[in-house]
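To be precise, the following lines are input_11.cif, and they hold mmCIF, C-alpha atoms.
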```cif
data_run
loop_
_atom_site.label_atom_id
_atom_site.label_comp_id
_atom_site.auth_asym_id
_atom_site.auth_seq_id
_atom_site.Cartn_x
_atom_site.Cartn_y
_atom_site.Cartn_z
CA MET Y 1 -19.99 2.32 -1.60
CA ASN Y 2 -17.93 -0.56 -0.21
CA ILE Y 3 -15.52 -1.28 -3.05
CA PHE Y 4 -12.83 0.60 -1.12
CA PHE Y 5 -12.89 -1.92 1.71
CA GLN Y 6 -10.92 -4.50 -0.22
CA SER Y 7 -7.89 -2.26 0.18
CA ALA Y 8 -8.67 -1.07 3.70
CA PRO Y 9 -6.17 -1.50 6.51
CA THR Y 10 -6.72 -3.87 9.36
CA VAL Y 11 -8.62 -2.49 12.33
CA SER Y 12 -6.48 -4.18 14.96
CA ARG Y 13 -3.73 -6.72 15.36
CA SER Y 14 -3.46 -9.67 13.00
CA THR Y 15 -5.18 -12.03 15.42
CA HIS Y 16 -8.33 -9.92 15.33
CA THR Y 17 -8.25 -9.89 11.56
CA ALA Y 18 -7.86 -13.65 11.48
CA ILE Y 19 -10.85 -14.11 13.77
CA LEU Y 20 -12.96 -11.75 11.69
CA GLY Y 21 -12.06 -13.48 8.45
CA PHE Y 22 -12.61 -16.92 9.97
CA MET Y 23 -16.08 -15.99 11.23
CA ALA Y 24 -17.06 -14.57 7.85
CA LEU Y 25 -15.85 -17.67 6.04
CA VAL Y 26 -17.71 -20.00 8.41
CA LEU Y 27 -20.94 -18.09 7.86
CA ALA Y 28 -20.36 -18.17 4.11
CA LEU Y 29 -19.78 -21.92 4.15
CA LEU Y 30 -22.99 -22.45 6.11
CA GLN Y 31 -24.88 -20.32 3.61
CA GLY Y 32 -23.26 -22.20 0.74
CA CYS Y 33 -24.82 -25.44 1.88
CA ALA Y 34 -28.16 -24.19 0.64
CA MET Y 35 -27.02 -22.55 -2.58
CA SER Y 36 -29.00 -22.89 -5.77
CA PRO Y 37 -27.79 -25.40 -8.38
CA ASN Y 38 -27.82 -22.48 -10.84
CA ALA Y 39 -25.58 -20.30 -8.69
CA ASN Y 40 -22.95 -18.15 -10.35
CA PRO Y 41 -19.80 -20.35 -10.26
CA ARG Y 42 -17.73 -17.31 -9.29
CA ASP Y 43 -20.16 -16.28 -6.55
CA PRO Y 44 -21.93 -19.37 -5.16
CA TRP Y 45 -22.55 -17.59 -1.81
CA GLU Y 46 -24.26 -14.58 -3.39
CA PRO Y 47 -27.21 -14.32 -0.93
CA PHE Y 48 -24.81 -14.16 2.03
CA ASN Y 49 -22.47 -11.81 0.19
CA ARG Y 50 -25.30 -9.42 -0.70
CA ASN Y 51 -26.39 -9.26 2.95
CA VAL Y 52 -22.87 -8.45 4.09
CA SER Y 53 -22.49 -5.92 1.28
CA ASN Y 54 -25.70 -4.19 2.41
CA PHE Y 55 -24.38 -4.10 5.97
CA ASN Y 56 -21.08 -2.58 4.82
CA GLU Y 57 -22.93 -0.06 2.68
CA GLY Y 58 -25.13 1.01 5.57
CA LEU Y 59 -22.16 1.41 7.90
CA ASP Y 60 -20.30 3.38 5.26
CA GLN Y 61 -23.19 5.75 4.63
CA ALA Y 62 -23.89 6.26 8.33
CA VAL Y 63 -20.37 6.66 9.71
CA ILE Y 64 -17.35 6.23 7.47
CA LYS Y 65 -18.35 8.32 4.46
CA PRO Y 66 -19.40 11.40 6.51
CA VAL Y 67 -16.12 11.27 8.46
CA ALA Y 68 -14.12 10.92 5.23
CA THR Y 69 -16.03 13.81 3.66
CA GLY Y 70 -15.30 16.03 6.64
CA TYR Y 71 -11.63 15.01 6.54
CA GLN Y 72 -11.42 15.94 2.86
CA ASN Y 73 -13.17 19.27 3.42
CA VAL Y 74 -11.00 20.48 6.32
CA THR Y 75 -7.61 18.96 5.47
CA PRO Y 76 -5.47 20.76 2.86
CA LYS Y 77 -4.69 18.68 -0.20
CA ILE Y 78 -0.95 18.86 0.40
CA MET Y 79 -1.43 17.28 3.83
CA ARG Y 80 -3.70 14.56 2.44
CA THR Y 81 -1.09 13.81 -0.20
CA GLY Y 82 1.58 13.52 2.47
CA VAL Y 83 -0.57 11.12 4.52
CA ASN Y 84 -1.25 8.98 1.45
CA ASN Y 85 2.44 8.94 0.56
CA PHE Y 86 3.41 7.96 4.10
CA PHE Y 87 1.16 4.92 4.17
CA GLY Y 88 2.10 4.08 0.60
CA ASN Y 89 5.74 3.90 1.65
CA ILE Y 90 4.84 1.55 4.50
CA SER Y 91 2.91 -0.70 2.10
CA ASP Y 92 5.91 -0.75 -0.24
CA VAL Y 93 7.87 -2.61 2.42
CA TRP Y 94 5.38 -5.50 2.35
CA SER Y 95 5.23 -5.29 -1.44
CA LEU Y 96 9.00 -5.78 -1.47
CA VAL Y 97 8.64 -9.02 0.51
CA ASN Y 98 5.96 -10.33 -1.86
CA ASN Y 99 7.92 -9.34 -4.96
CA VAL Y 100 10.81 -11.40 -3.60
CA LEU Y 101 8.50 -14.33 -2.85
CA GLN Y 102 7.25 -14.16 -6.43
CA LEU Y 103 10.82 -14.26 -7.79
CA LYS Y 104 10.57 -10.87 -9.46
CA PRO Y 105 14.13 -9.51 -9.26
CA ALA Y 106 13.61 -6.31 -11.23
CA GLU Y 107 10.47 -5.34 -9.33
CA SER Y 108 12.12 -6.27 -6.03
CA VAL Y 109 15.15 -4.08 -6.66
CA GLU Y 110 13.03 -1.15 -7.84
CA THR Y 111 10.76 -1.43 -4.81
CA LEU Y 112 13.79 -1.58 -2.51
CA PHE Y 113 15.10 1.64 -4.02
CA ARG Y 114 11.64 3.22 -3.70
CA VAL Y 115 11.53 2.47 0.02
CA GLY Y 116 15.09 3.65 0.56
CA VAL Y 117 14.66 6.92 -1.33
CA ASN Y 118 11.25 7.81 0.11
CA THR Y 119 12.22 6.90 3.67
CA THR Y 120 15.37 9.04 3.61
CA ILE Y 121 15.07 11.87 1.09
CA GLY Y 122 11.27 11.74 1.22
CA LEU Y 123 11.11 12.28 5.00
CA LEU Y 124 9.72 8.85 6.02
CA GLY Y 125 7.63 8.70 2.89
CA LEU Y 126 5.74 11.98 3.27
CA ILE Y 127 7.16 13.05 -0.11
CA ASP Y 128 7.09 10.58 -2.99
CA VAL Y 129 10.52 11.35 -4.37
CA ALA Y 130 10.81 7.88 -5.91
CA SER Y 131 7.98 8.50 -8.37
CA ASP Y 132 9.63 11.73 -9.47
CA LEU Y 133 12.76 9.65 -10.14
CA LYS Y 134 10.67 7.28 -12.32
CA LEU Y 135 10.93 4.40 -9.84
CA GLU Y 136 7.75 2.49 -10.56
CA LYS Y 137 5.50 1.24 -7.77
CA HIS Y 138 4.92 -2.55 -7.74
CA THR Y 139 2.13 -3.23 -5.27
CA GLU Y 140 1.89 -6.85 -4.15
CA ASP Y 141 0.19 -8.66 -1.27
CA PHE Y 142 0.21 -12.23 0.00
CA GLY Y 143 -3.01 -13.09 -1.84
CA GLN Y 144 -1.27 -12.19 -5.09
CA THR Y 145 1.72 -14.27 -4.04
CA LEU Y 146 -0.50 -17.29 -3.44
CA GLY Y 147 -2.11 -16.75 -6.84
CA PHE Y 148 1.28 -16.45 -8.49
CA TRP Y 149 2.21 -19.88 -7.15
CA GLY Y 150 -1.00 -21.44 -8.40
CA VAL Y 151 -3.33 -21.35 -5.39
CA PRO Y 152 -6.89 -21.17 -6.82
CA THR Y 153 -8.94 -18.03 -6.30
CA GLY Y 154 -11.87 -19.81 -4.72
CA PRO Y 155 -15.34 -18.29 -4.53
CA TYR Y 156 -16.01 -14.58 -4.19
CA VAL Y 157 -16.58 -13.47 -0.58
CA VAL Y 158 -17.71 -10.17 0.94
CA LEU Y 159 -16.19 -9.74 4.40
CA PRO Y 160 -17.77 -7.60 7.13
CA LEU Y 161 -16.07 -4.18 7.21
CA LEU Y 162 -13.32 -5.30 4.79
CA GLY Y 163 -15.58 -5.78 1.75
CA PRO Y 164 -14.80 -7.64 -1.51
CA SER Y 165 -12.44 -10.60 -1.33
CA THR Y 166 -12.08 -14.22 -2.38
CA LEU Y 167 -11.52 -17.37 -0.38
CA ARG Y 168 -7.80 -17.25 -1.21
CA ASP Y 169 -7.42 -13.56 -0.40
CA SER Y 170 -9.36 -13.98 2.86
CA LEU Y 171 -7.02 -16.72 4.02
CA ALA Y 172 -4.09 -14.44 3.15
CA LEU Y 173 -5.38 -11.55 5.28
CA PRO Y 174 -3.73 -12.63 8.56
CA VAL Y 175 -0.37 -12.83 6.79
CA ASP Y 176 -0.89 -9.41 5.19
CA ALA Y 177 -1.83 -8.02 8.61
CA LYS Y 178 1.35 -9.44 10.08
CA GLY Y 179 3.34 -7.78 7.29
CA ASN Y 180 1.80 -4.37 7.98
CA LEU Y 181 4.44 -2.43 9.92
CA VAL Y 182 1.79 -0.33 11.65
CA ASN Y 183 0.44 -3.44 13.38
CA SER Y 184 3.86 -4.10 14.88
CA LEU Y 185 3.85 -0.88 16.90
CA ASN Y 186 3.75 -1.47 20.65
CA ASP Y 187 2.20 1.92 21.40
CA VAL Y 188 -1.50 1.06 21.25
CA ALA Y 189 -2.71 4.65 21.03
CA LEU Y 190 -0.31 5.48 18.19
CA ARG Y 191 -1.11 2.25 16.35
CA ASN Y 192 -4.87 2.76 16.54
CA SER Y 193 -4.53 6.41 15.55
CA LEU Y 194 -2.53 5.50 12.45
CA ILE Y 195 -4.99 2.77 11.50
CA THR Y 196 -7.92 5.17 11.85
CA LEU Y 197 -6.13 7.86 9.86
CA ARG Y 198 -5.34 5.38 7.09
CA LEU Y 199 -8.94 4.20 6.91
CA VAL Y 200 -10.32 7.75 6.72
CA ASP Y 201 -7.71 8.88 4.18
CA LEU Y 202 -8.33 5.81 2.03
CA ARG Y 203 -12.10 6.33 2.08
CA ALA Y 204 -11.68 10.00 1.22
CA SER Y 205 -9.66 9.06 -1.86
CA PHE Y 206 -12.63 7.02 -3.14
CA LEU Y 207 -15.33 9.66 -2.68
CA SER Y 208 -15.37 10.68 -6.35
CA ALA Y 209 -15.36 7.08 -7.53
CA GLY Y 210 -18.25 6.35 -5.19
CA ARG Y 211 -20.35 9.09 -6.70
CA LEU Y 212 -19.68 7.76 -10.19
CA LEU Y 213 -20.58 4.24 -9.09
CA ASP Y 214 -23.83 5.42 -7.51
CA ALA Y 215 -24.78 7.20 -10.72
CA ALA Y 216 -23.73 4.56 -13.25
CA ALA Y 217 -24.27 1.12 -11.75
CA LEU Y 218 -27.73 -0.47 -11.96
CA ASP Y 219 -26.61 -3.25 -9.63
CA LYS Y 220 -23.77 -1.98 -7.43
CA TYR Y 221 -23.15 -5.42 -5.97
CA SER Y 222 -22.62 -7.13 -9.34
CA PHE Y 223 -20.54 -4.22 -10.64
CA THR Y 224 -18.31 -4.25 -7.56
CA ARG Y 225 -17.89 -8.03 -7.69
CA ASP Y 226 -16.98 -8.13 -11.37
CA ALA Y 227 -14.63 -5.16 -11.07
CA TYR Y 228 -12.87 -6.69 -8.07
CA LEU Y 229 -12.38 -10.11 -9.68
CA GLN Y 230 -11.13 -8.59 -12.92
CA ARG Y 231 -8.76 -6.28 -11.05
CA ARG Y 232 -7.32 -9.09 -8.94
CA ARG Y 233 -6.77 -11.28 -11.98
CA GLY Y 234 -4.99 -8.42 -13.69
CA GLN Y 235 -2.83 -7.77 -10.62
CA ILE Y 236 -1.71 -11.40 -10.49
CA PHE Y 237 -1.30 -12.26 -14.17
CA GLY Y 238 -0.78 -8.82 -15.71
CA PRO Y 239 -0.55 -8.78 -19.51
CA ARG Y 240 0.19 -12.51 -19.76
CA THR Y 241 -1.76 -14.29 -22.51
CA ASP Y 242 -0.79 -17.84 -21.59
CA VAL Y 243 -2.76 -18.00 -18.36
CA ILE Y 244 -4.88 -21.09 -17.98
CA LEU Y 245 -7.99 -20.19 -16.06
CA ASP Y 246 -8.17 -23.32 -13.93
CA GLU Y 247 -8.34 -21.14 -10.84
CA GLU Y 248 -11.71 -19.76 -11.89
CA ARG Y 249 -13.24 -23.27 -11.63
CA TYR Y 250 -14.44 -24.20 -8.18
CA ASP Y 251 -15.33 -27.86 -8.70
CA LEU Y 252 -19.00 -27.14 -8.22
CA PRO Y 253 -21.41 -29.90 -9.26
CA ALA Y 254 -22.38 -29.52 -12.88
CA SER Y 255 -25.98 -28.57 -13.52
CA PRO Y 256 -27.60 -29.80 -16.74
CA ASP Y 257 -29.91 -26.78 -16.69
CA ALA Y 258 -26.94 -24.44 -16.50
CA ALA Y 259 -25.23 -25.82 -19.59
CA SER Y 260 -24.59 -23.29 -22.31
CA PRO Y 261 -22.91 -23.65 -25.72
CA GLU Y 262 -20.96 -20.42 -25.17
CA PRO Y 263 -19.21 -19.11 -22.04
CA LYS Y 264 -20.46 -15.78 -20.73
CA SER Y 265 -17.01 -14.51 -19.80
CA ASP Y 266 -13.37 -15.42 -19.53
CA ASP Y 267 -14.03 -16.74 -16.03
CA ALA Y 268 -16.40 -19.37 -17.41
CA LEU Y 269 -14.03 -20.80 -19.98
CA PRO Y 270 -13.48 -24.57 -19.79
CA SER Y 271 -10.44 -25.76 -17.92
CA GLY Y 272 -7.38 -25.62 -20.15
CA THR Y 273 -8.61 -22.73 -22.32
CA LYS Y 274 -6.04 -19.99 -22.71
CA ILE Y 275 -6.63 -16.27 -22.83
CA THR Y 276 -5.89 -14.76 -26.20
CA PRO Y 277 -5.53 -11.06 -26.92
#
```

Show me, as structure tokens, the structure contained in the file I just sent.
Amino acid sequence: MNIFFQSAPTVSRSTHTAILGFMALVLALLQGCAMSPNANPRDPWEPFNRNVSNFNEGLDQAVIKPVATGYQNVTPKIMRTGVNNFFGNISDVWSLVNNVLQLKPAESVETLFRVGVNTTIGLLGLIDVASDLKLEKHTEDFGQTLGFWGVPTGPYVVLPLLGPSTLRDSLALPVDAKGNLVNSLNDVALRNSLITLRLVDLRASFLSAGRLLDAAALDKYSFTRDAYLQRRRGQIFGPRTDVILDEERYDLPASPDAASPEPKSDDALPSGTKITP
């Protein structure tokens, strides 16, 4: 299961993440040069993406999943909850920045209070006091901020180690890495330990979902892709019904053989068509 990787923390400083994302994008672009004229418009680099997905899946099954399973088995639930809360509080700081960049005053203020309450009363975020006080969590990243301001999604991309993404979200990764407070720590041993702990804790939280996916999905790759794209669209646009889906068009050359009188999904709607409830 590699659906969890799209939320995984960076494995080193932001420069390493930028290099990794750049290499993956270059390989994807090279693969895209030979794509079929009938390629899925949302996933024109599918052959490359499937290969990377298989690599991620193999690495997960061989190393990451066993470690996460052991962590879940030996670590008391109350400690795992505290670890998850701690990293959630750190991510709220970056969410605050992106809420401000998206001109969301209510969400920004609520997130600011969340960080303040959890950092002080919640002992650096180990206890999620803010949720008990009904302060809602508003998770945002720089990819969502770019989408909010109209930057197109671009094609679907599967990144080595990091998993599902899009061209826009991949380009936003270095900025997200820079906004991660853990990456700003000068103590290399502490920084790497926290990154490893976050990765293991995050993977452990998806163990149950992974078992359901293994049992239910006939094509895990397609299921993961569609779920990721739908989730990202929901994160950016929320319940809005006036969203024009121009960003789901990638200016690919039209294929006469691919013409169809009816779109297969919302993502295939003609430019200018609005979502209706």

Expanded to explicit residues, what is the PyMOL selection byres ((chain Y and resi 147) around 9) for this file, as a ChimeraX atom specification? /Y:142-146,148-153,168-169,233,236-237,247

Exactly which residues make up the result of the PyMOL selection byres ((chain Y and resi 69-73) around 12) on this file, given as a PyMOL selection string? chain Y and resi 60-68+74-81+83+196-208+210

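The environment of stretch 94-110 of chain Y within 7 Å, counting only C-alpha atoms and disregarding residues fewer than 3 places along the same chain, consists of Ser91, Phe113, Arg114, Leu135, Glu136, His138, Thr139, Glu140, Asp141, Phe142, Thr145, Phe148, Gly179 and Asn180 of chain Y.
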
In Å, with one decimal, what is the gap from atom CA of Y:Glu46 to atom CA of Y:Tyr228? 14.6 Å

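Atom pair atom CA of Y:Ser222 / atom CA of Y:Asn56: separated by 15.0 Å.
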
Neighbourhood query: residues within 6 Å of (-17.4, -21.2, -5.8), file coordinates, counting only C-alpha atoms; return as an MDAnalysis selection string. chainID Y and resid 41:44 154:155 250

For this file, the PyMOL selection byres ((chain Y and resi 182) around 12) selects which residues, as a count of residues only? 36

So, with all atoms listed in the file as the atoms that count, which of Y:Val157, Y:Asp132, Y:Leu126, Y:Ser170 lies closest to Y:Tyr221?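 Going through Y:Val157, Y:Asp132, Y:Leu126, Y:Ser170 one by one, the smallest distance to Y:Tyr221 is for Y:Val157.
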
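From atom CA of Y:Ala209 back to atom CA of Y:Val129, the distance works out to 26.4 Å.
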
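When all atoms listed in the file are used to measure the gap to Y:Asn54, the shortest distance among Y:Leu229, Y:Ala172, Y:Leu161, Y:Ile127 belongs to Y:Leu161.
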